[in-house]
Amino acid sequence: MAEQKKRTTIVLFSGDYDKAMAAYIIANGAAAYDHEVTIFHTFWGLNALRKDELVPMKKGFLEKMFGKMMPRGADRMGISKMNFAGMGPKMIKHVIKKHNAMTLPQLIDMAKEQEINLVACTMTMDLLGLQEKELLDDIQYAGVAAYLAEAEIGNVNLFI
Amino acid sequence: MAEQKKRTTIVLFSGDYDKAMAAYIIANGAAAYDHEVTIFHTFWGLNALRKDELVPMKKGFLEKMFGKMMPRGADRMGISKMNFAGMGPKMIKHVIKKHNAMTLPQLIDMAKEQEINLVACTMTMDLLGLQEKELLDDIQYAGVAAYLAEAEIGNVNLFI
Amino acid sequence: MAEQKKRTTIVLFSGDYDKAMAAYIIANGAAAYDHEVTIFHTFWGLNALRKDELVPMKKGFLEKMFGKMMPRGADRMGISKMNFAGMGPKMIKHVIKKHNAMTLPQLIDMAKEQEINLVACTMTMDLLGLQEKELLDDIQYAGVAAYLAEAEIGNVNLFI
């Protein structure tokens, strides 16, 4: 059955709120159209999967610094357009609410409900010093090999 | 006939002059190779489709602010590399002229002549408070569903 | 034989160290899985192919300025997250070393060993005033037409 299903894979590299929104909107749309969908979170895209509470954890100095510098969770992520910095994320969230659109955390919840595969790249977790306990529950862990195995049979493959 | 044609779809998310140039160069190349080509403009990519004159329009406060903060049309868009800021766009346009290459507005005109589908994402238009009168004539309006319907049969799908 | 091989093409537009790392990690992974792989370097992505020594060259004023403003080679490239600027590249290189991961120059060497096609976009070389002598040896030179010819039969096509 899985053989015939259309397939969408997205590498989410970016840690920007708006880019992650675009990734999750496309992913949720594809799942609604019955695609098998995977979002492979790597580098700053991992921030979308961080729990928003602080998870106390023994870490080396550099890992601690990365942990502090990187936003904890989708709701704290910044926006890609520099000139909007500061004001941008608030404005975006404000218009989202006003238009009854979905925020990034809501889009991530929807992705889980639609059984989209949310994957954290283990190699960059290692590099940035992120541990499984710091990330959302019910996600998957894999490397570039697993990504490629899906992408090579994918209909829509995007890098965001 | 359309069934056999190769197909290229590009999501233009970025509002950067240089990234939009890359998108339109690839799109025009694909059209020249007889691909059916669609550029789906979403988020800041919508700026490439804005008319350069000011279109007076009744808007709420936030929509007015977005309208003012976002560049009106392709020719006013900034460049992606921060360290070139200010100087960058002028230098790029200068070298384009010097090398008889095409500017972004010229690339957009060429895309229209080649009957590339220029699509504005209605959901993000709504979010950013952009209205049809503010965008170029002869473009199409659609949502993520229409994008996915094309991308899932696309040969080359890119997110820029 | 080449007909049956899976194929991955990556447009490397970005001049960011971390994005180029992601591109080369995916490319090297795909080559290890026996894909025919091409990285098409355009705009700021060309910096990854620059020799790190200064190559004396007669150039016009603008070309000289671009040459000075753009980093000479992979090792000098900056990082995509602005808030890490300055500190970011050093931290990334530090954790790479600590985790015995590969630096960007090492990833590029590996790509050459795996016979990944490293292509420089001639049109943007021309725009930015880069000449073949300034770029790494053993790379290829081509335009958007050659890229599209490969991408339209590609299994995994990404724009980074």
# chains A, B, ... in the order shown; residues from 1 in each chain; ligands from 1

call {"tool": "closest_atom_pairs", "arguments": {"of": "chain A", "to": "chain C", "cutoff": "10 Å", "atoms": "only C-alpha atoms", "output": "Markdown table"}}
result
| residue | atom | partner | partner_atom | distance |
| --- | --- | --- | --- | --- |
| A:Thr9 | CA | C:Val156 | CA | 9.9 |
| A:Ile10 | CA | C:Leu158 | CA | 9.9 |
| A:Val11 | CA | C:Leu158 | CA | 9.4 |
| A:Phe13 | CA | C:Lys19 | CA | 8.0 |
| A:Ser14 | CA | C:Ser80 | CA | 9.0 |
| A:Gly15 | CA | C:Lys81 | CA | 8.4 |
| A:Asp16 | CA | C:Lys81 | CA | 9.4 |
| A:Thr42 | CA | C:Ala22 | CA | 8.5 |
| A:Phe43 | CA | C:Asp18 | CA | 8.0 |
| A:Trp44 | CA | C:Lys81 | CA | 8.4 |
| A:Leu62 | CA | C:Met91 | CA | 7.4 |
| A:Glu63 | CA | C:Val95 | CA | 8.5 |
| A:Met65 | CA | C:Met91 | CA | 9.4 |
| A:Phe66 | CA | C:Met91 | CA | 8.7 |
| A:Met69 | CA | C:Phe84 | CA | 8.0 |
| A:Met70 | CA | C:Asn83 | CA | 9.4 |
| A:Ser80 | CA | C:Lys81 | CA | 9.6 |
| A:Met82 | CA | C:Met82 | CA | 8.8 |
| A:Met123 | CA | C:Ala101 | CA | 8.9 |
| A:Thr124 | CA | C:Ala22 | CA | 9.8 |
| A:Asp126 | CA | C:His99 | CA | 7.7 |
| A:Leu127 | CA | C:Val95 | CA | 5.9 |
| A:Leu128 | CA | C:Val95 | CA | 7.5 |
| A:Gly129 | CA | C:Val95 | CA | 8.9 |
| A:Gly143 | CA | C:Gly29 | CA | 9.8 |
| A:Val144 | CA | C:Ile26 | CA | 6.6 |
| A:Ala145 | CA | C:Gly29 | CA | 6.5 |
| A:Tyr147 | CA | C:Ile26 | CA | 9.0 |
| A:Leu148 | CA | C:Ala30 | CA | 6.8 |
| A:Ala149 | CA | C:Tyr33 | CA | 8.9 |
| A:Glu150 | CA | C:Val156 | CA | 9.8 |
| A:Ala151 | CA | C:Val156 | CA | 6.1 |
| A:Glu152 | CA | C:Asn155 | CA | 5.2 |
| A:Ile153 | CA | C:Asn155 | CA | 7.0 |
| A:Gly154 | CA | C:Asn155 | CA | 7.5 |
| A:Asn155 | CA | C:Asn155 | CA | 8.4 |
| A:Val156 | CA | C:Val156 | CA | 8.7 |
| A:Asn157 | CA | C:Val156 | CA | 6.5 |
| A:Leu158 | CA | C:Leu158 | CA | 6.1 |
| A:Phe159 | CA | C:Leu158 | CA | 5.9 |
| A:Ile160 | CA | C:Ile160 | CA | 7.8 |

call {"tool": "select_by_dssp", "arguments": {"residues": "stretch 35-159 of chain A", "states": "strand (DSSP E or B)", "output": "ChimeraX atom specification"}}
result
/A:36-41,50,117-121,135,140-142,156-159

call {"tool": "write_last_selection", "arguments": {"atoms": "N, CA and C atoms", "output": "compact mmCIF listing (two decimals), in the first residue's frame"}}
result
# COMPACT_ATOMS: atom_id res chain seq x y z
N GLU A 36 2.37 10.35 2.07
CA GLU A 36 3.21 9.96 3.20
C GLU A 36 4.22 11.10 3.35
N VAL A 37 4.25 11.75 4.52
CA VAL A 37 5.05 12.98 4.66
C VAL A 37 6.08 12.84 5.77
N THR A 38 7.30 13.29 5.48
CA THR A 38 8.36 13.32 6.48
C THR A 38 8.99 14.71 6.54
N ILE A 39 9.12 15.25 7.74
CA ILE A 39 9.92 16.47 7.91
C ILE A 39 11.18 16.08 8.67
N PHE A 40 12.30 16.28 8.01
CA PHE A 40 13.60 15.92 8.56
C PHE A 40 14.23 17.20 9.12
N HIS A 41 14.26 17.33 10.44
CA HIS A 41 14.74 18.56 11.08
C HIS A 41 16.25 18.49 11.30
N ARG A 50 12.14 21.55 19.93
CA ARG A 50 12.54 21.65 21.34
C ARG A 50 11.33 21.84 22.24
N ASN A 117 5.70 12.15 9.74
CA ASN A 117 6.90 11.71 10.43
C ASN A 117 7.78 12.91 10.76
N LEU A 118 7.88 13.20 12.04
CA LEU A 118 8.76 14.29 12.48
C LEU A 118 10.07 13.66 12.92
N VAL A 119 11.12 13.95 12.17
CA VAL A 119 12.40 13.30 12.41
C VAL A 119 13.44 14.32 12.83
N ALA A 120 14.21 13.99 13.87
CA ALA A 120 15.32 14.84 14.28
C ALA A 120 16.62 14.22 13.77
N CYS A 121 17.43 15.05 13.12
CA CYS A 121 18.71 14.58 12.56
C CYS A 121 19.69 14.34 13.70
N LEU A 135 13.81 17.30 23.40
CA LEU A 135 12.93 17.42 22.22
C LEU A 135 11.56 16.84 22.52
N GLN A 140 10.82 10.95 15.78
CA GLN A 140 11.75 9.90 15.38
C GLN A 140 13.18 10.46 15.29
N TYR A 141 14.14 9.57 15.32
CA TYR A 141 15.55 9.96 15.25
C TYR A 141 16.21 9.21 14.10
N ALA A 142 16.88 9.94 13.23
CA ALA A 142 17.52 9.26 12.09
C ALA A 142 18.62 10.13 11.50
N VAL A 156 7.57 14.97 -4.01
CA VAL A 156 7.89 16.37 -3.72
C VAL A 156 8.98 16.38 -2.65
N ASN A 157 10.18 16.85 -3.02
CA ASN A 157 11.29 16.95 -2.07
C ASN A 157 11.70 18.40 -1.96
N LEU A 158 11.68 18.95 -0.77
CA LEU A 158 12.04 20.37 -0.61
C LEU A 158 13.08 20.54 0.49
N PHE A 159 13.91 21.55 0.35
CA PHE A 159 14.87 21.95 1.38
C PHE A 159 14.48 23.35 1.82
